[in-house]
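A.B. asks: Input structure: coords.cif, which contains mmCIF, C-alpha atoms.
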data_structure
#
loop_
_atom_site.label_atom_id
_atom_site.label_comp_id
_atom_site.auth_asym_id
_atom_site.auth_seq_id
_atom_site.Cartn_x
_atom_site.Cartn_y
_atom_site.Cartn_z
CA MET A 1 10.08 29.04 8.96
CA TYR A 2 11.39 25.82 10.51
CA GLN A 3 14.49 27.28 12.12
CA PHE A 4 12.65 29.16 14.82
CA GLN A 5 11.09 26.02 16.23
CA LYS A 6 14.10 24.81 18.17
CA PHE A 7 13.84 27.95 20.28
CA ALA A 8 10.06 27.80 20.62
CA MET A 9 9.05 24.41 21.92
CA SER A 10 6.47 26.04 24.17
CA LEU A 11 4.50 27.20 21.12
CA PHE A 12 3.09 23.75 20.35
CA LEU A 13 1.28 21.33 22.64
CA VAL A 14 3.23 18.38 24.05
CA THR A 15 1.53 15.57 25.97
CA SER A 16 2.56 12.15 27.26
CA CYS A 17 0.68 8.98 28.12
CA HIS A 18 1.30 5.31 28.90
CA THR A 19 -0.43 2.37 27.24
CA ASP A 20 -0.33 -1.43 27.02
CA ARG A 21 -2.09 -1.66 23.64
CA LEU A 22 0.89 -3.23 21.83
CA LYS A 23 -0.59 -6.49 20.46
CA THR A 24 1.60 -9.33 19.18
CA ILE A 25 0.44 -10.50 15.73
CA ALA A 26 3.15 -12.95 14.67
CA LYS A 27 6.68 -14.12 15.20
CA LEU A 28 9.08 -13.01 12.48
CA PRO A 29 11.08 -15.71 10.63
CA ASP A 30 14.09 -17.00 12.54
CA ASN A 31 16.42 -16.27 9.62
CA LEU A 32 15.53 -12.56 9.75
CA LYS A 33 17.43 -11.57 12.87
CA GLU A 34 18.00 -7.88 12.16
CA THR A 35 14.77 -6.61 10.65
CA SER A 36 15.08 -2.85 10.43
CA ALA A 37 11.77 -1.79 8.83
CA ILE A 38 8.20 -2.73 7.97
CA GLU A 39 6.03 -1.28 5.19
CA LYS A 40 2.52 -1.82 3.83
CA VAL A 41 2.35 -1.26 0.05
CA VAL A 42 -0.75 -0.63 -2.08
CA TYR A 43 -1.62 -3.43 -4.52
CA SER A 44 0.17 -5.93 -2.27
CA ASP A 45 -1.29 -8.17 0.44
CA LEU A 46 2.14 -8.51 2.06
CA LEU A 47 4.11 -6.56 4.62
CA TRP A 48 7.63 -5.78 3.42
CA THR A 49 10.79 -5.80 5.46
CA ILE A 50 14.59 -5.62 5.15
CA GLU A 51 17.65 -6.31 7.25
CA ASP A 52 20.29 -3.73 8.03
CA SER A 53 24.06 -3.55 7.39
CA GLY A 54 25.99 -6.75 6.86
CA ASN A 55 22.99 -8.64 5.52
CA LYS A 56 21.65 -9.46 2.05
CA ASN A 57 20.50 -6.84 -0.44
CA ASN A 58 17.03 -8.43 -0.42
CA ILE A 59 13.52 -7.32 0.42
CA TYR A 60 11.08 -9.77 1.99
CA GLY A 61 7.30 -9.92 1.69
CA LEU A 62 5.61 -11.39 4.77
CA ASP A 63 2.07 -12.53 5.35
CA LEU A 64 0.32 -11.67 8.61
CA GLY A 65 1.44 -15.00 10.04
CA GLY A 66 5.06 -13.89 9.72
CA LYS A 67 5.89 -16.26 6.83
CA ILE A 68 8.19 -15.11 4.01
CA VAL A 69 6.09 -15.24 0.83
CA LYS A 70 8.40 -13.19 -1.43
CA ASP A 71 12.19 -12.91 -1.36
CA ILE A 72 13.47 -10.39 -3.91
CA ASP A 73 17.14 -9.83 -4.69
CA ILE A 74 17.89 -6.20 -5.57
CA SER A 75 20.67 -7.05 -7.99
CA ASN A 76 22.18 -3.58 -8.52
CA ALA A 77 22.08 -2.46 -4.86
CA ASP A 78 24.48 -2.88 -1.95
CA ASN A 79 23.22 -3.11 1.60
CA GLU A 80 25.65 -0.62 3.09
CA ASP A 81 23.22 0.13 5.93
CA TRP A 82 19.55 -0.30 5.03
CA GLU A 83 17.44 1.24 7.78
CA ASP A 84 13.86 2.02 6.73
CA LEU A 85 11.19 1.54 4.07
CA THR A 86 8.49 3.74 2.61
CA SER A 87 6.19 3.51 -0.43
CA ASP A 88 4.04 5.58 -2.79
CA ALA A 89 0.49 5.49 -4.15
CA SER A 90 1.65 3.63 -7.27
CA GLY A 91 2.97 0.64 -5.33
CA ASN A 92 6.68 1.47 -5.51
CA LEU A 93 8.80 0.54 -2.50
CA TYR A 94 11.73 2.70 -1.35
CA ILE A 95 14.72 1.50 0.68
CA GLY A 96 16.51 4.02 2.88
CA ASP A 97 20.23 3.17 2.75
CA PHE A 98 21.38 5.96 5.05
CA GLY A 99 22.61 4.38 8.27
CA ASN A 100 25.93 5.87 9.35
CA ASN A 101 27.02 4.65 12.77
CA SER A 102 30.65 5.59 12.14
CA GLY A 103 29.75 9.10 11.03
CA LYS A 104 32.19 8.82 8.11
CA ARG A 105 29.74 8.25 5.29
CA LYS A 106 29.47 11.05 2.70
CA LEU A 107 26.93 9.72 0.19
CA PHE A 108 23.50 8.30 1.07
CA THR A 109 21.09 6.39 -1.17
CA ILE A 110 17.37 5.72 -1.48
CA TYR A 111 16.54 2.78 -3.76
CA LYS A 112 13.26 2.74 -5.68
CA VAL A 113 11.90 -0.77 -6.31
CA SER A 114 9.05 -0.94 -8.82
CA ASN A 115 8.69 -4.69 -9.44
CA LEU A 116 7.50 -6.69 -6.43
CA ASP A 117 6.31 -9.68 -8.48
CA THR A 118 9.69 -11.16 -9.37
CA ASP A 119 12.55 -12.86 -7.52
CA LYS A 120 15.25 -10.52 -8.82
CA THR A 121 15.07 -6.92 -9.98
CA ASP A 122 16.98 -3.68 -10.38
CA ALA A 123 16.30 -0.48 -8.48
CA GLN A 124 16.57 3.19 -9.36
CA ARG A 125 18.94 5.29 -7.23
CA ILE A 126 18.23 8.57 -5.50
CA ASP A 127 21.53 9.72 -3.99
CA PHE A 128 22.05 12.62 -1.62
CA LYS A 129 24.73 14.39 0.37
CA LEU A 130 24.21 16.27 3.60
CA PRO A 131 23.99 20.06 3.62
CA LYS A 132 26.91 21.85 5.26
CA VAL A 133 24.73 23.02 8.16
CA ALA A 134 23.77 19.47 9.14
CA LYS A 135 25.12 18.46 12.53
CA ALA A 136 23.68 14.94 12.73
CA LYS A 137 25.07 12.31 10.35
CA ASP A 138 23.23 9.07 11.24
CA PHE A 139 19.70 8.32 10.02
CA GLU A 140 17.28 5.43 10.48
CA ALA A 141 13.87 6.88 9.62
CA PHE A 142 12.03 8.40 6.69
CA PHE A 143 8.77 8.54 4.77
CA LEU A 144 7.54 9.84 1.44
CA TYR A 145 5.07 12.73 1.51
CA LYS A 146 3.82 14.06 -1.79
CA ALA A 147 6.98 14.51 -3.92
CA ASN A 148 9.63 14.49 -1.19
CA PHE A 149 11.30 12.20 1.29
CA TYR A 150 11.50 13.43 4.89
CA ILE A 151 14.46 11.95 6.75
CA PHE A 152 14.88 12.02 10.54
CA SER A 153 18.20 11.75 12.33
CA LYS A 154 18.94 9.18 15.01
CA SER A 155 20.11 11.67 17.61
CA ASN A 156 19.51 11.62 21.34
CA LYS A 157 17.27 14.46 22.60
CA THR A 158 17.42 16.37 19.28
CA VAL A 159 15.89 15.28 15.96
CA MET A 160 17.14 16.80 12.71
CA LEU A 161 14.78 16.79 9.74
CA LEU A 162 15.98 16.77 6.12
CA LYS A 163 14.10 16.83 2.81
CA VAL A 164 15.15 15.10 -0.42
CA PRO A 165 13.16 15.14 -3.69
CA ASN A 166 11.79 11.89 -5.06
CA THR A 167 13.78 12.21 -8.27
CA PRO A 168 16.49 9.83 -9.52
CA GLY A 169 19.97 11.36 -9.53
CA GLN A 170 22.23 13.13 -7.05
CA HIS A 171 20.98 15.76 -4.63
CA THR A 172 22.02 17.80 -1.63
CA ALA A 173 19.43 17.34 1.12
CA THR A 174 17.58 20.42 2.33
CA TYR A 175 17.92 21.14 6.03
CA LEU A 176 14.56 21.93 7.64
CA THR A 177 15.00 21.99 11.41
CA ASP A 178 16.41 20.60 14.64
CA ILE A 179 13.86 19.87 17.35
CA LYS A 180 14.82 19.30 20.98
CA LEU A 181 12.79 16.60 22.73
CA LYS A 182 12.44 16.77 26.50
CA GLU A 183 11.88 13.08 27.20
CA LYS A 184 14.62 10.47 27.67
CA ASN A 185 15.61 7.87 25.05
CA THR A 186 14.34 9.72 22.01
CA LYS A 187 16.48 8.26 19.21
CA VAL A 188 14.19 7.80 16.19
CA THR A 189 14.50 4.34 14.60
CA SER A 190 11.65 4.49 12.04
CA ALA A 191 8.97 6.89 10.80
CA ALA A 192 5.70 6.82 8.88
CA ILE A 193 2.89 9.09 7.75
CA SER A 194 -0.76 8.02 7.70
CA PRO A 195 -2.58 7.38 4.40
CA ASP A 196 -4.62 10.58 4.86
CA GLY A 197 -1.44 12.60 5.54
CA LYS A 198 -2.71 13.88 8.89
CA THR A 199 -0.57 11.89 11.35
CA VAL A 200 3.18 11.28 11.58
CA VAL A 201 4.65 8.68 13.92
CA LEU A 202 8.29 8.44 15.00
CA LEU A 203 9.39 5.18 16.63
CA ASN A 204 11.68 4.59 19.59
CA HIS A 205 12.44 1.39 21.53
CA ASP A 206 9.87 2.06 24.25
CA LYS A 207 7.58 4.69 22.78
CA LEU A 208 6.29 6.44 19.70
CA ILE A 209 5.93 10.15 19.06
CA ARG A 210 2.69 11.13 17.35
CA LEU A 211 2.57 14.43 15.44
CA THR A 212 -0.82 15.83 14.42
CA HIS A 213 -2.51 19.14 13.55
CA PHE A 214 0.37 20.31 11.37
CA SER A 215 0.05 22.13 8.06
CA GLU A 216 1.79 21.14 4.82
CA ASP A 217 5.16 19.63 5.82
CA HIS A 218 5.61 21.56 9.06
CA PHE A 219 5.36 18.34 11.03
CA PHE A 220 6.70 19.73 14.30
CA GLU A 221 4.10 22.50 14.43
CA GLY A 222 0.89 21.46 16.15
CA HIS A 223 0.40 18.64 18.66
CA MET A 224 3.25 16.35 19.76
CA GLU A 225 2.33 13.35 21.90
CA PHE A 226 4.66 10.80 23.52
CA ILE A 227 2.93 7.42 23.75
CA HIS A 228 4.78 4.91 25.94
CA PHE A 229 4.40 1.20 25.18
CA GLU A 230 5.40 -0.11 28.65
CA HIS A 231 7.36 -2.59 26.51
CA ASP A 232 11.07 -2.01 25.87
CA SER A 233 12.75 -3.89 23.01
CA GLN A 234 14.84 -2.97 19.97
CA LYS A 235 11.95 -1.67 17.88
CA GLU A 236 13.15 -0.73 14.40
CA GLY A 237 10.12 -0.67 12.08
CA ILE A 238 6.77 1.10 11.91
CA CYS A 239 4.14 1.63 9.22
CA PHE A 240 0.45 2.48 9.12
CA LYS A 241 -2.10 -0.31 8.80
CA ASP A 242 -4.78 2.36 8.37
CA ASN A 243 -5.28 5.93 9.57
CA SER A 244 -5.75 4.89 13.21
CA SER A 245 -3.40 1.93 13.72
CA VAL A 246 0.18 0.89 12.96
CA TYR A 247 2.34 -2.19 12.59
CA VAL A 248 5.58 -2.34 14.60
CA THR A 249 8.52 -4.76 14.45
CA ASP A 250 11.53 -5.32 16.68
CA GLU A 251 14.88 -7.01 16.16
CA ARG A 252 15.55 -10.35 17.80
CA THR A 253 17.93 -10.46 20.75
CA LYS A 254 18.82 -13.40 22.99
CA LYS A 255 15.86 -12.86 25.30
CA GLU A 256 13.20 -11.01 23.30
CA GLY A 257 12.10 -9.44 20.04
CA GLY A 258 11.64 -10.75 16.52
CA GLN A 259 7.91 -10.01 16.59
CA LEU A 260 5.28 -8.25 14.50
CA TYR A 261 2.93 -6.08 16.56
CA GLU A 262 -0.23 -4.07 15.95
CA PHE A 263 -0.86 -0.87 17.86
CA SER A 264 -3.99 1.28 18.00
CA LEU A 265 -3.55 5.04 18.04
CA GLN A 266 -7.07 5.63 19.32
#
Output the structure of this file as structure tokens.
C.D. replies:
Amino acid sequence: MYQFQKFAMSLFLVTSCHTDRLKTIAKLPDNLKETSAIEKVVYSDLLWTIEDSGNKNNIYGLDLGGKIVKDIDISNADNEDWEDLTSDASGNLYIGDFGNNSGKRKLFTIYKVSNLDTDKTDAQRIDFKLPKVAKAKDFEAFFLYKANFYIFSKSNKTVMLLKVPNTPGQHTATYLTDIKLKEKNTKVTSAAISPDGKTVVLLNHDKLIRLTHFSEDHFFEGHMEFIHFEHDSQKEGICFKDNSSVYVTDERTKKEGGQLYEFSLQ
């Protein structure tokens, strides 16, 4: 199954290209300095974002001009280290609270938010521990595919993939694989899967990794393509606009960032 892949990188096609198709759409609000995700949700005209550790336990709905239209307090959640967002076909939003820069964290949480029409709401908890075989302990990227969350480690040169069921309660994540990546600067900061389920994108500060032609949830089997932005900033969020294009956000630093971008995969 998955375990053989780390010894068999030559069995799937890897390509690389450079592009300047990253298009600035809007400036993000000045008071959101550490945006760590972006997500498009069905039944909502807004793009949703969060901030990472040390910030409020709030989710923010933005219009395409970058204005905050909704500000929702998740009253029963703590922002230990919120890193990514995903959603489902019913319009539920999921917060990945699984950042672990210190490597000391033992319990990780995914919050399910079902009410995006209010200013304050509760969330359901999906908690998980790492399996004993897991080597990586820090995560910034995930998406929901069918009935499971797929969580990618933030590890240089090697990406570990875990699976957690979309069921409230406590779980031990299932280890799927470790994949060695030959390019430089390959820490994954966000992930998304296309609406048709045929394309996975993994985000890095200066590139994205596109995975296609896989079967079921064997995402690293098939075609892997490194697409370079020729634009290096602290990019932390990615989601699909449609099957052929994505939205990307980056954190604000002193000189750059704090923008919402659109990027064509064609």
A.B. asks: Using all atoms listed in the file, list the residues that have an atom at most 9 Å from (17.5, 18.1, 10.0), coordinates as in the file, as a list in words.
C.D. replies: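 Those within range, by chain then number, are Val133, Ala134, Lys135, Ala136, Ile151, Phe152, Ser153, Val159, Met160, Leu161, Leu162, Lys163, Thr174, Tyr175, Leu176, Thr177, Asp178 and Ile179 of chain A.
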A.B. asks: Counting all atoms listed in the file, which residue out of A:Leu208, A:Val188, A:Leu62, A:Cys239 sits closest to Phe143 (chain A)?
C.D. replies: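 Closest to Phe143 (chain A) of all the choices is A:Cys239.
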A.B. asks: What gap, in Å, lies between CA of Leu32 (chain A) and CA of Phe108 (chain A)?
C.D. replies: 24.0 Å
A.B. asks: Selection in question (the file shown): the PyMOL selection byres ((chain A and resi 37-44) around 10). Which residues does it include, as a ChimeraX atom specification?
C.D. replies: /A:34-36,45-52,60-62,82-96,116-117,140-141,189-192,235-242,246-251,260
A.B. asks: Name all residues at most 12 Å from Arg105 (chain A) (count all atoms listed in the file; drop same-chain ones fewer than 2 positions away) and give them as a short mmCIF file (atom, residue, chain, number, x, y, z; two decimals) with C-alpha atoms, keeping the file's coordinate frame.
C.D. replies:
data_model
loop_
_atom_site.label_atom_id
_atom_site.label_comp_id
_atom_site.auth_asym_id
_atom_site.auth_seq_id
_atom_site.Cartn_x
_atom_site.Cartn_y
_atom_site.Cartn_z
CA GLU A 80 25.65 -0.62 3.09
CA ASP A 81 23.22 0.13 5.93
CA ASP A 97 20.23 3.17 2.75
CA PHE A 98 21.38 5.96 5.05
CA GLY A 99 22.61 4.38 8.27
CA ASN A 100 25.93 5.87 9.35
CA ASN A 101 27.02 4.65 12.77
CA SER A 102 30.65 5.59 12.14
CA GLY A 103 29.75 9.10 11.03
CA LEU A 107 26.93 9.72 0.19
CA PHE A 108 23.50 8.30 1.07
CA THR A 109 21.09 6.39 -1.17
CA PHE A 128 22.05 12.62 -1.62
CA LYS A 129 24.73 14.39 0.37
CA LEU A 130 24.21 16.27 3.60
CA ALA A 136 23.68 14.94 12.73
CA LYS A 137 25.07 12.31 10.35
CA ASP A 138 23.23 9.07 11.24
CA PHE A 139 19.70 8.32 10.02
#
A.B. asks: Write out as JSON an axis-aligned box for region 146-159 of chain A: all of its atoms listed in the file, 8 Å added on each side, centre and edge lengths in Å with one decimal.
C.D. replies:
{"center_x": 12.0, "center_y": 12.8, "center_z": 9.3, "size_x": 32.3, "size_y": 23.2, "size_z": 42.5}
A.B. asks: Using all atoms listed in the file, list the residues that have an atom at most 10 Å from (4.1, -14.5, 9.4), coordinates as in the file, as a PyMOL selection string.
C.D. replies: chain A and resi 25-29+46-47+61-69+259-260
A.B. asks: Take CA of Ile110 (chain A) and CA of Gly222 (chain A) and report the distance between them in Å, one decimal.
C.D. replies: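 That distance, rounded to one decimal, is 28.8 Å.
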